[in-house]
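Asker: Compact mmCIF, C-alpha atoms and all ligand atoms, saved as coords.txt, coming up:
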```
# COMPACT_ATOMS: atom_id res chain seq x y z
CA MET A 1 0.00 0.00 0.00
CA LYS A 2 2.94 2.35 0.70
CA SER A 3 4.06 2.25 -2.94
CA GLN A 4 0.46 2.87 -4.01
CA LEU A 5 0.25 5.97 -1.82
CA LEU A 6 3.57 7.17 -3.21
CA PHE A 7 2.29 6.73 -6.78
CA ILE A 8 -0.88 8.63 -5.94
CA THR A 9 1.17 11.48 -4.47
CA ILE A 10 3.44 11.58 -7.52
CA THR A 11 0.58 11.62 -10.04
CA GLY A 12 -1.21 14.32 -8.04
CA THR A 13 1.91 16.47 -7.95
CA LEU A 14 2.48 16.00 -11.69
CA TYR A 15 -1.15 16.80 -12.48
CA ARG A 16 -1.20 19.98 -10.41
CA GLY A 17 2.32 21.09 -11.32
CA LEU A 18 2.39 20.30 -15.05
CA LEU A 19 -0.83 19.13 -16.66
CA LYS A 20 -3.36 21.38 -14.94
CA PRO A 21 -1.50 24.64 -15.76
CA LEU A 22 -1.48 23.59 -19.43
CA LEU A 23 -5.10 22.45 -19.48
CA PHE A 24 -6.19 25.65 -17.74
CA LEU A 25 -4.78 27.62 -20.71
CA LEU A 26 -7.28 25.94 -23.04
CA ASP A 27 -11.00 26.45 -23.50
CA PRO A 28 -12.75 24.72 -20.55
CA GLU A 29 -15.47 23.04 -22.61
CA PHE A 30 -12.91 21.74 -25.11
CA VAL A 31 -10.85 20.28 -22.23
CA HIS A 32 -13.95 18.71 -20.66
CA VAL A 33 -15.02 17.03 -23.92
CA SER A 34 -11.44 15.91 -24.68
CA MET A 35 -10.91 14.42 -21.20
CA VAL A 36 -14.16 12.47 -21.44
CA ARG A 37 -13.17 11.10 -24.87
CA PHE A 38 -9.71 10.26 -23.53
CA GLY A 39 -11.24 8.36 -20.60
CA GLU A 40 -13.60 6.54 -22.95
CA ILE A 41 -10.72 5.42 -25.18
CA CYS A 42 -8.46 4.41 -22.27
CA ALA A 43 -11.22 2.16 -20.93
CA VAL A 44 -11.12 -0.02 -24.07
CA VAL A 45 -7.31 -0.24 -24.39
CA PRO A 46 -6.46 -3.83 -23.39
CA GLY A 47 -4.87 -4.00 -19.94
CA PHE A 48 -5.19 -0.25 -19.25
CA LYS A 49 -7.98 -0.53 -16.69
CA LYS A 50 -6.26 -3.37 -14.90
CA CYS A 51 -3.06 -1.38 -14.67
CA VAL A 52 -4.77 1.79 -13.39
CA ARG A 53 -6.80 -0.21 -10.87
CA TRP A 54 -3.62 -1.87 -9.62
CA LEU A 55 -2.11 1.57 -9.06
CA TYR A 56 -5.10 3.28 -7.44
CA VAL A 57 -7.45 0.76 -5.86
CA ARG A 58 -7.22 -1.68 -2.95
CA PRO A 59 -10.22 -3.36 -1.36
CA LEU A 60 -11.00 -1.24 1.72
CA PRO A 61 -13.74 -3.07 3.64
CA GLU A 62 -14.11 -0.05 5.95
CA LEU A 63 -15.54 1.94 3.01
CA SER A 64 -17.89 -0.71 1.63
CA GLN A 65 -21.61 -0.28 2.32
CA LYS A 66 -24.66 -2.25 1.33
CA ILE A 67 -27.47 0.21 0.77
CA ASN A 68 -30.95 -1.05 -0.09
CA GLY A 69 -29.48 -4.24 -1.52
CA THR A 70 -26.75 -2.55 -3.58
CA THR A 71 -23.10 -2.75 -2.59
CA PHE A 72 -21.14 0.47 -2.90
CA GLU A 73 -17.50 -0.60 -2.53
CA PHE A 74 -16.42 3.02 -2.23
CA PRO A 75 -18.49 6.02 -1.11
CA ILE A 76 -17.32 8.52 -3.75
CA GLY A 77 -19.34 8.89 -6.95
CA LEU A 78 -19.12 11.05 -10.05
CA ALA A 79 -21.87 13.68 -9.85
CA ALA A 80 -24.30 14.44 -12.70
CA GLY A 81 -23.00 16.75 -15.40
CA PHE A 82 -19.51 15.47 -16.11
CA ASP A 83 -20.59 12.42 -18.12
CA TYR A 84 -23.65 13.87 -19.83
CA GLU A 85 -23.22 11.59 -22.85
CA GLY A 86 -22.83 8.29 -21.00
CA ARG A 87 -19.27 7.72 -22.22
CA LEU A 88 -17.48 6.95 -18.97
CA THR A 89 -19.42 4.01 -17.55
CA GLN A 90 -16.52 1.64 -18.25
CA ALA A 91 -13.77 4.02 -17.17
CA LEU A 92 -14.30 5.10 -13.59
CA SER A 93 -13.98 2.12 -11.26
CA PRO A 94 -10.16 1.86 -11.71
CA LEU A 95 -9.87 5.38 -10.29
CA GLY A 96 -11.65 4.34 -7.09
CA PHE A 97 -15.11 5.65 -7.87
CA GLY A 98 -17.85 3.66 -6.13
CA PHE A 99 -20.69 4.83 -8.39
CA GLN A 100 -21.49 7.35 -11.10
CA THR A 101 -24.37 9.34 -12.49
CA VAL A 102 -24.91 9.81 -16.24
CA GLY A 103 -26.71 12.94 -17.40
CA THR A 104 -28.75 15.00 -16.83
CA ILE A 105 -30.64 13.46 -19.76
CA THR A 106 -33.80 14.89 -21.30
CA ASN A 107 -36.45 13.05 -23.31
CA GLU A 108 -35.36 14.68 -26.58
CA PRO A 109 -31.81 15.83 -27.41
CA TRP A 110 -31.16 19.29 -25.98
CA HIS A 111 -28.69 21.91 -27.26
CA GLY A 112 -28.24 23.64 -23.91
CA ASN A 113 -27.48 27.31 -23.35
CA ALA A 114 -25.37 29.50 -25.66
CA LYS A 115 -21.63 29.65 -24.94
CA PRO A 116 -19.86 30.23 -22.62
CA ARG A 117 -21.12 27.06 -20.96
CA LEU A 118 -18.14 26.49 -18.71
CA GLY A 119 -15.54 28.70 -17.01
CA ARG A 120 -12.87 28.47 -14.34
CA LEU A 121 -12.44 30.38 -11.10
CA PRO A 122 -9.07 29.14 -9.80
CA HIS A 123 -8.95 31.49 -6.79
CA SER A 124 -12.44 30.47 -5.72
CA LYS A 125 -11.77 26.77 -6.47
CA SER A 126 -14.91 26.76 -8.56
CA LEU A 127 -16.26 26.25 -12.07
CA MET A 128 -18.84 28.43 -13.78
CA VAL A 129 -21.50 26.13 -15.22
CA ASN A 130 -23.99 27.31 -17.82
CA LYS A 131 -24.68 24.07 -19.64
CA GLY A 132 -28.46 24.23 -19.39
CA PHE A 133 -28.92 20.44 -19.81
CA LYS A 134 -26.95 20.07 -23.06
CA ASN A 135 -27.24 16.32 -23.76
CA PRO A 136 -27.94 13.84 -26.60
CA GLY A 137 -31.40 12.77 -25.33
CA ALA A 138 -32.80 9.55 -23.92
CA ASN A 139 -32.82 7.48 -27.14
CA THR A 140 -29.10 7.99 -27.80
CA ILE A 141 -28.20 7.19 -24.20
CA ILE A 142 -30.32 4.05 -24.34
CA SER A 143 -28.70 2.79 -27.53
CA GLN A 144 -25.28 3.51 -26.00
CA LEU A 145 -25.83 1.94 -22.58
CA GLU A 146 -28.17 -0.95 -23.35
CA LYS A 147 -25.31 -3.11 -24.53
CA LYS A 148 -23.17 -2.47 -21.48
CA SER A 149 -22.72 -4.05 -18.12
CA PHE A 150 -21.37 -1.92 -15.32
CA ASP A 151 -18.80 -2.73 -12.66
CA ILE A 152 -20.06 0.01 -10.31
CA PRO A 153 -23.62 1.22 -9.67
CA VAL A 154 -24.67 3.63 -12.42
CA GLY A 155 -27.49 6.13 -12.13
CA ILE A 156 -29.26 8.13 -14.81
CA SER A 157 -30.15 11.71 -14.05
CA VAL A 158 -33.43 12.72 -15.67
CA GLY A 159 -34.71 16.26 -16.13
CA ASP A 160 -36.25 18.66 -18.58
CA ALA A 161 -34.93 22.01 -19.69
CA LYS A 162 -38.37 23.62 -19.52
CA GLY A 163 -39.49 21.70 -16.46
CA SER A 164 -42.20 19.91 -18.45
CA ILE A 165 -43.66 17.12 -16.33
CA ASP A 166 -44.81 15.29 -19.46
CA GLU A 167 -41.28 15.31 -20.91
CA ILE A 168 -39.79 14.03 -17.64
CA ILE A 169 -42.35 11.23 -17.51
CA ALA A 170 -41.70 10.40 -21.19
CA ALA A 171 -37.96 10.12 -20.47
CA PHE A 172 -38.56 7.85 -17.46
CA LYS A 173 -40.83 5.67 -19.58
CA LYS A 174 -38.14 5.28 -22.22
CA PHE A 175 -35.50 4.32 -19.68
CA GLU A 176 -37.86 1.93 -17.93
CA ALA A 177 -38.75 0.25 -21.24
CA SER A 178 -35.06 -0.15 -22.07
CA SER A 179 -32.75 -2.88 -20.83
CA ILE A 180 -30.16 -0.52 -19.31
CA ARG A 181 -28.87 -2.05 -16.10
CA ASN A 182 -28.74 1.17 -14.13
CA THR A 183 -29.03 0.88 -10.36
CA TYR A 184 -30.81 4.17 -9.65
CA TYR A 185 -32.24 7.35 -11.17
CA GLU A 186 -31.67 10.90 -10.20
CA LEU A 187 -34.47 13.35 -10.72
CA ASN A 188 -32.97 16.77 -11.23
CA ILE A 189 -35.39 19.38 -9.91
CA SER A 190 -32.70 21.95 -9.24
CA CYS A 191 -30.73 23.09 -12.28
CA PRO A 192 -30.34 26.83 -11.74
CA ASN A 193 -29.24 27.40 -15.36
CA LEU A 194 -32.65 27.00 -16.93
CA HIS A 195 -34.38 30.20 -17.88
CA GLY A 196 -38.15 30.36 -17.91
CA ALA A 197 -38.46 26.74 -16.73
CA MET A 198 -41.32 25.53 -14.56
CA SER A 199 -40.12 25.67 -10.97
CA PHE A 200 -40.27 22.58 -8.83
CA TYR A 201 -39.36 24.73 -5.85
CA ILE A 202 -43.07 25.47 -5.62
CA PRO A 203 -44.37 22.57 -3.50
CA LYS A 204 -47.56 22.22 -5.59
CA ASN A 205 -45.53 21.75 -8.81
CA LEU A 206 -43.25 19.24 -7.13
CA GLU A 207 -46.29 17.40 -5.79
CA ASP A 208 -47.73 17.18 -9.33
CA LEU A 209 -44.44 15.90 -10.72
CA LEU A 210 -43.93 13.27 -8.03
CA THR A 211 -47.53 12.06 -8.22
CA LYS A 212 -46.96 11.31 -11.91
CA VAL A 213 -43.58 9.71 -11.21
CA ASP A 214 -45.17 7.49 -8.52
CA ALA A 215 -47.75 6.33 -11.07
CA LEU A 216 -44.91 4.83 -13.16
CA LYS A 217 -44.22 2.39 -10.31
CA ILE A 218 -40.49 2.49 -10.94
CA LYS A 219 -38.72 -0.15 -8.86
CA LYS A 220 -35.22 1.30 -9.04
CA PRO A 221 -34.52 3.91 -6.35
CA ILE A 222 -35.04 7.54 -7.35
CA TRP A 223 -32.72 10.14 -5.83
CA ILE A 224 -33.80 13.77 -5.94
CA LYS A 225 -31.13 16.33 -6.80
CA MET A 226 -31.91 19.27 -4.51
CA PRO A 227 -31.11 22.97 -4.79
CA ILE A 228 -28.85 24.67 -2.22
CA ASN A 229 -30.16 28.21 -2.56
CA LEU A 230 -33.50 27.89 -0.83
CA SER A 231 -33.95 28.76 2.85
CA ASP A 232 -34.13 26.00 5.46
CA LYS A 233 -37.89 26.53 5.68
CA GLU A 234 -38.38 26.24 1.92
CA THR A 235 -36.11 23.19 1.77
CA LEU A 236 -38.05 21.48 4.56
CA SER A 237 -41.33 22.10 2.78
CA LEU A 238 -39.94 20.41 -0.37
CA LEU A 239 -38.60 17.52 1.72
CA ARG A 240 -42.03 17.08 3.29
CA VAL A 241 -43.56 16.80 -0.19
CA ILE A 242 -40.88 14.34 -1.36
CA SER A 243 -41.27 12.24 1.80
CA LYS A 244 -44.86 11.45 0.83
CA HIS A 245 -43.78 10.01 -2.51
CA SER A 246 -41.54 7.26 -3.82
CA PRO A 247 -38.02 8.82 -3.89
CA ALA A 248 -35.53 6.98 -1.71
CA ALA A 249 -32.76 9.56 -1.46
CA VAL A 250 -32.00 13.26 -1.59
CA ILE A 251 -28.77 14.77 -2.87
CA PHE A 252 -27.51 18.05 -1.42
CA GLY A 253 -26.96 19.53 -3.72
CA ASN A 254 -26.69 21.39 -6.98
CA LEU A 255 -24.81 24.56 -8.00
CA GLN A 256 -24.33 27.82 -6.09
CA HIS A 257 -26.48 30.66 -7.41
CA ASP A 258 -25.51 33.25 -4.81
CA ARG A 259 -22.55 35.25 -6.10
CA LYS A 260 -22.16 36.91 -2.70
CA ASN A 261 -21.17 33.60 -1.12
CA LYS A 262 -18.07 34.26 0.97
CA SER A 263 -16.05 31.48 -0.66
CA PHE A 264 -15.84 33.48 -3.89
CA ASP A 265 -12.98 35.71 -4.80
CA ALA A 266 -15.25 38.71 -5.45
CA ALA A 267 -13.27 40.08 -8.41
CA GLU A 268 -13.13 36.66 -10.03
CA VAL A 269 -16.84 35.91 -9.88
CA GLN A 270 -17.68 39.34 -11.30
CA LYS A 271 -16.00 38.35 -14.56
CA PHE A 272 -18.87 35.98 -15.33
CA SER A 273 -22.13 37.44 -16.55
CA VAL A 274 -23.89 34.07 -16.82
CA GLY A 275 -23.97 30.73 -15.04
CA ASN A 276 -23.89 29.22 -11.58
CA PHE A 277 -21.01 27.81 -9.64
CA SER A 278 -19.62 24.51 -8.40
CA GLY A 279 -16.78 23.68 -6.02
CA LYS A 280 -15.91 25.45 -2.78
CA PRO A 281 -18.76 28.00 -2.94
CA THR A 282 -21.20 25.09 -2.64
CA PHE A 283 -19.45 23.36 0.27
CA SER A 284 -20.88 25.03 3.38
CA ARG A 285 -24.47 25.33 2.25
CA SER A 286 -24.49 21.73 1.05
CA ASN A 287 -23.23 20.72 4.50
CA GLU A 288 -25.88 22.75 6.30
CA LEU A 289 -28.61 21.13 4.21
CA ILE A 290 -27.24 17.62 4.77
CA ALA A 291 -27.41 18.33 8.51
CA LEU A 292 -30.94 19.73 8.16
CA ALA A 293 -32.19 16.74 6.15
CA SER A 294 -30.48 14.33 8.53
CA LYS A 295 -32.07 15.99 11.57
CA HIS A 296 -35.60 15.79 10.16
CA PHE A 297 -35.61 12.95 7.64
CA LYS A 298 -32.75 10.55 8.29
CA LYS A 299 -35.12 7.65 8.82
CA ARG A 300 -36.94 8.42 5.59
CA PHE A 301 -34.18 9.26 3.11
CA LEU A 302 -30.73 8.11 2.20
CA ILE A 303 -28.70 11.34 2.02
CA VAL A 304 -26.06 11.89 -0.63
CA GLY A 305 -23.59 14.74 -0.08
CA CYS A 306 -22.39 16.75 -3.06
CA GLY A 307 -20.61 20.07 -3.36
CA GLY A 308 -17.07 21.28 -2.87
CA VAL A 309 -15.42 17.97 -2.00
CA PHE A 310 -11.70 18.19 -2.72
CA THR A 311 -10.18 16.08 0.08
CA ALA A 312 -10.90 13.16 2.38
CA GLU A 313 -11.64 15.65 5.17
CA ASP A 314 -14.27 17.35 2.99
CA ALA A 315 -15.96 14.02 2.23
CA TYR A 316 -15.76 12.98 5.89
CA THR A 317 -17.43 16.23 6.96
CA LYS A 318 -20.42 15.40 4.76
CA ILE A 319 -20.51 11.80 6.04
CA LYS A 320 -20.41 12.89 9.69
CA LEU A 321 -23.29 15.28 9.01
CA GLY A 322 -25.46 12.47 7.64
CA ALA A 323 -24.42 11.49 4.10
CA HIS A 324 -23.87 7.80 3.34
CA LEU A 325 -22.50 8.58 -0.11
CA VAL A 326 -20.65 11.57 -1.56
CA GLN A 327 -20.44 12.88 -5.12
CA MET A 328 -17.94 15.19 -6.76
CA ILE A 329 -16.80 16.83 -10.01
CA THR A 330 -14.87 20.02 -9.34
CA GLY A 331 -12.38 18.47 -6.90
CA LEU A 332 -11.41 16.09 -9.68
CA VAL A 333 -10.75 18.96 -12.10
CA PHE A 334 -8.66 20.90 -9.59
CA ARG A 335 -6.81 18.05 -7.88
CA GLY A 336 -6.51 15.44 -10.64
CA PRO A 337 -7.79 11.96 -11.49
CA GLN A 338 -5.97 10.42 -8.51
CA ALA A 339 -8.10 12.55 -6.15
CA VAL A 340 -10.69 9.81 -5.66
CA ALA A 341 -8.05 7.25 -4.60
CA GLU A 342 -6.54 9.90 -2.31
CA ILE A 343 -9.95 10.45 -0.71
CA ASN A 344 -10.62 6.72 -0.30
CA PHE A 345 -7.32 6.08 1.49
CA GLY A 346 -7.70 9.30 3.50
CA LEU A 347 -11.21 8.35 4.60
CA ARG A 348 -9.95 5.03 5.85
CA GLU A 349 -7.40 6.85 8.03
CA LEU A 350 -10.02 9.27 9.34
CA LEU A 351 -12.39 6.43 10.22
CA HIS A 352 -9.64 4.57 12.06
CA ALA A 353 -8.62 7.73 13.94
CA ASP A 354 -12.21 8.07 15.20
CA GLY A 355 -12.38 4.39 16.15
CA HIS A 356 -14.89 3.40 13.43
CA THR A 357 -14.65 0.08 11.63
CA ASN A 358 -17.06 1.01 8.83
CA ILE A 359 -18.18 4.21 7.22
CA LYS A 360 -21.78 3.56 8.31
CA ASP A 361 -20.69 4.05 11.94
CA ALA A 362 -19.58 7.61 11.15
CA VAL A 363 -22.72 8.68 9.27
CA GLY A 364 -24.57 11.40 11.16
CA THR A 365 -22.24 11.48 14.18
CA HIS A 366 -22.13 15.29 14.01
CA SER A 367 -25.32 17.29 13.99
CA GLN A 368 -23.93 20.73 13.11
CA PRO A 369 -21.44 21.89 10.48
CA ASN A 370 -18.45 23.73 11.95
CA LYS A 371 -18.89 27.42 11.19
C1 LIG A 401 -19.62 20.93 -15.73
C2 LIG A 401 -20.75 20.66 -14.80
C3 LIG A 401 -21.98 20.27 -15.31
C4 LIG A 401 -23.04 19.99 -14.44
N1 LIG A 401 -24.23 19.54 -14.97
C5 LIG A 401 -25.17 19.04 -14.11
C6 LIG A 401 -26.30 18.36 -14.61
O1 LIG A 401 -26.47 18.18 -15.82
N2 LIG A 401 -27.21 17.88 -13.73
C7 LIG A 401 -27.05 18.01 -12.36
O2 LIG A 401 -27.88 17.52 -11.58
N3 LIG A 401 -25.97 18.68 -11.85
C8 LIG A 401 -25.04 19.17 -12.70
N4 LIG A 401 -23.92 19.79 -12.20
C9 LIG A 401 -23.80 20.00 -10.74
C10 LIG A 401 -22.98 18.88 -10.11
O3 LIG A 401 -23.61 17.63 -10.23
C11 LIG A 401 -22.75 19.16 -8.60
O4 LIG A 401 -23.99 19.22 -7.98
C12 LIG A 401 -22.01 20.47 -8.36
O5 LIG A 401 -21.00 20.68 -9.34
C13 LIG A 401 -21.34 20.47 -6.98
O6 LIG A 401 -20.37 19.46 -6.89
P1 LIG A 401 -18.79 19.76 -7.08
O7 LIG A 401 -18.46 20.95 -6.24
O8 LIG A 401 -18.11 18.50 -6.62
O9 LIG A 401 -18.57 20.00 -8.53
C14 LIG A 401 -22.86 20.13 -13.04
C15 LIG A 401 -21.63 20.55 -12.54
C16 LIG A 401 -20.57 20.80 -13.40
C17 LIG A 401 -19.25 21.23 -12.81
```
Represent the structure contained in this file as structure tokens.
Ligand SMILES: Cc1cc2nc3c(=O)[nH]c(=O)nc-3n(C[C@H](O)[C@H](O)[C@H](O)COP(=O)(O)O)c2cc1C
Answerer:
Amino acid sequence: MKSQLLFITITGTLYRGLLKPLLFLLDPEFVHVSMVRFGEICAVVPGFKKCVRWLYVRPLPELSQKINGTTFEFPIGLAAGFDYEGRLTQALSPLGFGFQTVGTITNEPWHGNAKPRLGRLPHSKSLMVNKGFKNPGANTIISQLEKKSFDIPVGISVGDAKGSIDEIIAAFKKFEASSIRNTYYELNISCPNLHGAMSFYIPKNLEDLLTKVDALKIKKPIWIKMPINLSDKETLSLLRVISKHSPAAVIFGNLQHDRKNKSFDAAEVQKFSVGNFSGKPTFSRSNELIALASKHFKKRFLIVGCGGVFTAEDAYTKIKLGAHLVQMITGLVFRGPQAVAEINFGLRELLHADGHTNIKDAVGTHSQPNK
């Protein structure tokens, strides 16, 4: 394991010292698309996955959890938005990912918002996201994923750019009629980059949506991707609605809309006239909402933490506040592809230091985020 940790440290140092400075000179969307294609190709090169897995992954029983019948060997997943074309389902387990979400996918192909769709805020450790659900649509994803088997749980994030309930239901129907072996769905009710869309932050609209989703009698668990910019009171009223319907989990949460968030470098964020933000500016509010949901609904929902996870300590904070699983994107971009392995090994140390033998023992042991 020592040589593995050394390799992880070396690749991280090389990524941050050499590759990242070069990549950050190029157009962010071009880099994103190229990295996804690169990962897709690597996954089919004979022996490549085996080699990467040997370098980055060891079985760590402390991190393995069985949740509603599904084993998650590792608690870190790729959040919705990075693999919006379903290209990476064969590529991620050798990096130490325990699960991944594809999407968000709409019923019909969707062009997304006009450029710029992606930007970087290095001082704020954040990305500007203005994708607006750009994706190839449910039929393309189905034809791509139907043939595949997955070595980690895969979820499909479903949404609609205009918030049309009929379109969301149509997409679910297509996926349910397909033979994709996904473990779960995410229902994205919280993309802040959609202009003029029907708002599911209004409890009545959410109620209408979930009533129709319930009627589909979907057996796979549905996780709801929650916003982070509502007040505690508003969030609780949405959670009360969700709790009366079929969804099994809530994810806290989506992007940061509030440009006054104190994690931003104020001059940096002002450069962007469009979009919402990932990374560190999402961290604290996501934590507060995990704690809130855990306090009121831990018996009802599985909680998934997402937002601003860069290190094992960040992931552990979310776990201690009530999250069984954690998702990330931006930490990967800033720290490098070895970040997930770094987090897995780091989490194991943190669990041991607190006297826990499994991650489940640490879930919800803290009720309040540190201010
Ligand atoms: C490039 C990019 C695209 C995203 N697209 C989606 C999306 O399509 N659906 C979704 O639910 N969240 C989307 N998100 C939000 C992420 O899933 C996540 O909630 C957010 O980035 C916070 O996590 P992070 O700080 O680890 O990146 C996107 C984020 C990024 C960075």
Asker: Skipping near chain neighbours, those fewer than 4 positions away, what residues fall within 12 Å of Val129 (chain A) using all atoms listed in the file, listed as a PDB file with C-alpha atoms, in the coordinates of the input?
Answerer:
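File result39.pdb, as written:
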```pdb
ATOM      1  CA  PRO A  28     -12.750  24.720 -20.550  1.00  0.00           C
ATOM      2  CA  GLU A  29     -15.470  23.040 -22.610  1.00  0.00           C
ATOM      3  CA  HIS A  32     -13.950  18.710 -20.660  1.00  0.00           C
ATOM      4  CA  GLY A  81     -23.000  16.750 -15.400  1.00  0.00           C
ATOM      5  CA  PHE A  82     -19.510  15.470 -16.110  1.00  0.00           C
ATOM      6  CA  GLY A 112     -28.240  23.640 -23.910  1.00  0.00           C
ATOM      7  CA  ASN A 113     -27.480  27.310 -23.350  1.00  0.00           C
ATOM      8  CA  ALA A 114     -25.370  29.500 -25.660  1.00  0.00           C
ATOM      9  CA  LYS A 115     -21.630  29.650 -24.940  1.00  0.00           C
ATOM     10  CA  PRO A 116     -19.860  30.230 -22.620  1.00  0.00           C
ATOM     11  CA  ARG A 117     -21.120  27.060 -20.960  1.00  0.00           C
ATOM     12  CA  LEU A 118     -18.140  26.490 -18.710  1.00  0.00           C
ATOM     13  CA  GLY A 119     -15.540  28.700 -17.010  1.00  0.00           C
ATOM     14  CA  ARG A 120     -12.870  28.470 -14.340  1.00  0.00           C
ATOM     15  CA  LEU A 121     -12.440  30.380 -11.100  1.00  0.00           C
ATOM     16  CA  PHE A 133     -28.920  20.440 -19.810  1.00  0.00           C
ATOM     17  CA  LYS A 134     -26.950  20.070 -23.060  1.00  0.00           C
ATOM     18  CA  CYS A 191     -30.730  23.090 -12.280  1.00  0.00           C
ATOM     19  CA  PRO A 192     -30.340  26.830 -11.740  1.00  0.00           C
ATOM     20  CA  ASN A 193     -29.240  27.400 -15.360  1.00  0.00           C
ATOM     21  CA  LEU A 194     -32.650  27.000 -16.930  1.00  0.00           C
ATOM     22  CA  ASN A 254     -26.690  21.390  -6.980  1.00  0.00           C
ATOM     23  CA  LEU A 255     -24.810  24.560  -8.000  1.00  0.00           C
ATOM     24  CA  GLN A 256     -24.330  27.820  -6.090  1.00  0.00           C
ATOM     25  CA  HIS A 257     -26.480  30.660  -7.410  1.00  0.00           C
ATOM     26  CA  PHE A 272     -18.870  35.980 -15.330  1.00  0.00           C
ATOM     27  CA  SER A 273     -22.130  37.440 -16.550  1.00  0.00           C
ATOM     28  CA  VAL A 274     -23.890  34.070 -16.820  1.00  0.00           C
ATOM     29  CA  GLY A 275     -23.970  30.730 -15.040  1.00  0.00           C
ATOM     30  CA  ASN A 276     -23.890  29.220 -11.580  1.00  0.00           C
ATOM     31  CA  PHE A 277     -21.010  27.810  -9.640  1.00  0.00           C
ATOM     32  CA  SER A 278     -19.620  24.510  -8.400  1.00  0.00           C
ATOM     33  CA  GLY A 279     -16.780  23.680  -6.020  1.00  0.00           C
ATOM     34  CA  ILE A 329     -16.800  16.830 -10.010  1.00  0.00           C
ATOM     35  CA  THR A 330     -14.870  20.020  -9.340  1.00  0.00           C
TER      36      THR A 330
END
```
Asker: Using all atoms listed in the file, find all polymer residues with an atom at most 9 Å away from the point (-38.5, 9.6, -18.8); report them as an mmCIF file with C-alpha atoms, keeping the file's coordinate frame.
Answerer:
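Saved to result_11.cif:
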```
data_model
loop_
_atom_site.group_PDB
_atom_site.id
_atom_site.type_symbol
_atom_site.label_atom_id
_atom_site.label_comp_id
_atom_site.auth_asym_id
_atom_site.auth_seq_id
_atom_site.Cartn_x
_atom_site.Cartn_y
_atom_site.Cartn_z
ATOM 1 C CA ILE A 105 -30.640 13.460 -19.760
ATOM 2 C CA THR A 106 -33.800 14.890 -21.300
ATOM 3 C CA ASN A 107 -36.450 13.050 -23.310
ATOM 4 C CA ALA A 138 -32.800 9.550 -23.920
ATOM 5 C CA VAL A 158 -33.430 12.720 -15.670
ATOM 6 C CA GLY A 159 -34.710 16.260 -16.130
ATOM 7 C CA ASP A 166 -44.810 15.290 -19.460
ATOM 8 C CA GLU A 167 -41.280 15.310 -20.910
ATOM 9 C CA ILE A 168 -39.790 14.030 -17.640
ATOM 10 C CA ILE A 169 -42.350 11.230 -17.510
ATOM 11 C CA ALA A 170 -41.700 10.400 -21.190
ATOM 12 C CA ALA A 171 -37.960 10.120 -20.470
ATOM 13 C CA PHE A 172 -38.560 7.850 -17.460
ATOM 14 C CA LYS A 173 -40.830 5.670 -19.580
ATOM 15 C CA LYS A 174 -38.140 5.280 -22.220
ATOM 16 C CA PHE A 175 -35.500 4.320 -19.680
ATOM 17 C CA GLU A 176 -37.860 1.930 -17.930
#
```
Asker: Enter the distance from CA of Thr282 (chain A) to CA of Gly307 (chain A), in Å, rounded to one decimal.
Answerer: 5.1 Å
Asker: Got a sec: who's within 9 Å of Ser294 (chain A), counting only C-alpha atoms, leaving out chain neighbours fewer than 6 positions off, as a PyMOL selection string?
Answerer: chain A and resi 301-303+321-323+364+367
Asker: So that I can check the surroundings of region 59-63 of chain A, please list as a PyMOL selection string every protein, DNA and RNA residue that reaches within 6 Å of it, counting only C-alpha atoms and ignoring chain neighbours fewer than 3 positions away.
Answerer: chain A and resi 74+357-359
Asker: At a cut-off of 6 Å, using all atoms listed in the file, what residues contact region 8-25 of chain A? Leave out same-chain residues fewer than 2 positions from it and give the result as a VMD selection string.
Answerer: chain A and resid 5 to 6 336 338
Asker: Need the axis-aligned box for region 144-154 of chain A with 5 Å each side, so what are the centre and edges in Å to one decimal, as AutoDock Vina command-line options?
Answerer:
```
--center_x -23.5 --center_y -0.2 --center_z -17.8 --size_x 19.4 --size_y 17.7 --size_z 26.3
```
Asker: Can you work out which one of A:Tyr84, A:Trp223, A:Phe334, A:Trp54 has the shortest atom-to-atom distance to ligand LIG 401 (chain A), counting all atoms listed in the file?
Answerer: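 Between A:Tyr84, A:Trp223, A:Phe334, A:Trp54, the residue approaching ligand LIG 401 (chain A) most closely is A:Tyr84.
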Asker: Find the residue from A:Lys50, A:Lys244, A:Lys219, A:Arg335 that sits nearest to ligand LIG 401 (chain A); use only C-alpha atoms and all ligand atoms when measuring.
Answerer: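 For ligand LIG 401 (chain A), the nearest of the candidates is A:Arg335.
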Asker: I'd like the neighbourhood of Pro247 (chain A) as a list in words, where a residue qualifies if any of its atoms comes within 12 Å (using all atoms listed in the file), though same-chain residues fewer than 4 positions away should be ignored.
Answerer: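 With the cut-off at 12 Å, the set is Tyr184, Tyr185, Glu186, Leu187, Asn188, Leu209, Leu210, Thr211, Val213, Asp214, Lys217, Ile218, Lys219, Lys220, Pro221, Ile222, Trp223, Ile224, Lys225, Leu239, Arg240, Val241, Ile242, Ser243, Ile251, Arg300, Phe301, Leu302 and Ile303 of chain A.
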Asker: Can you work out which one of A:Gly331, A:Gly69, A:Pro369, A:Gly355 has the shortest atom-to-atom distance to ligand LIG 401 (chain A), counting all atoms listed in the file?
Answerer: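 Nearest candidate to ligand LIG 401 (chain A) out of A:Gly331, A:Gly69, A:Pro369, A:Gly355: A:Gly331.
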Asker: Quick one: of A:Ser237, A:Ser157, A:Gln144, A:Asn344, who's nearest to ligand LIG 401 (chain A), counting only C-alpha atoms and all ligand atoms?
Answerer: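 Closest to ligand LIG 401 (chain A), using only C-alpha atoms and all ligand atoms: A:Ser157.
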Asker: Given only C-alpha atoms and all ligand atoms as the basis, pick out the residue of A:Gln270, A:Asn68, A:Ser143, A:Asn287 nearest to ligand LIG 401 (chain A).
Answerer: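 Between A:Gln270, A:Asn68, A:Ser143, A:Asn287, the residue approaching ligand LIG 401 (chain A) most closely is A:Asn287.
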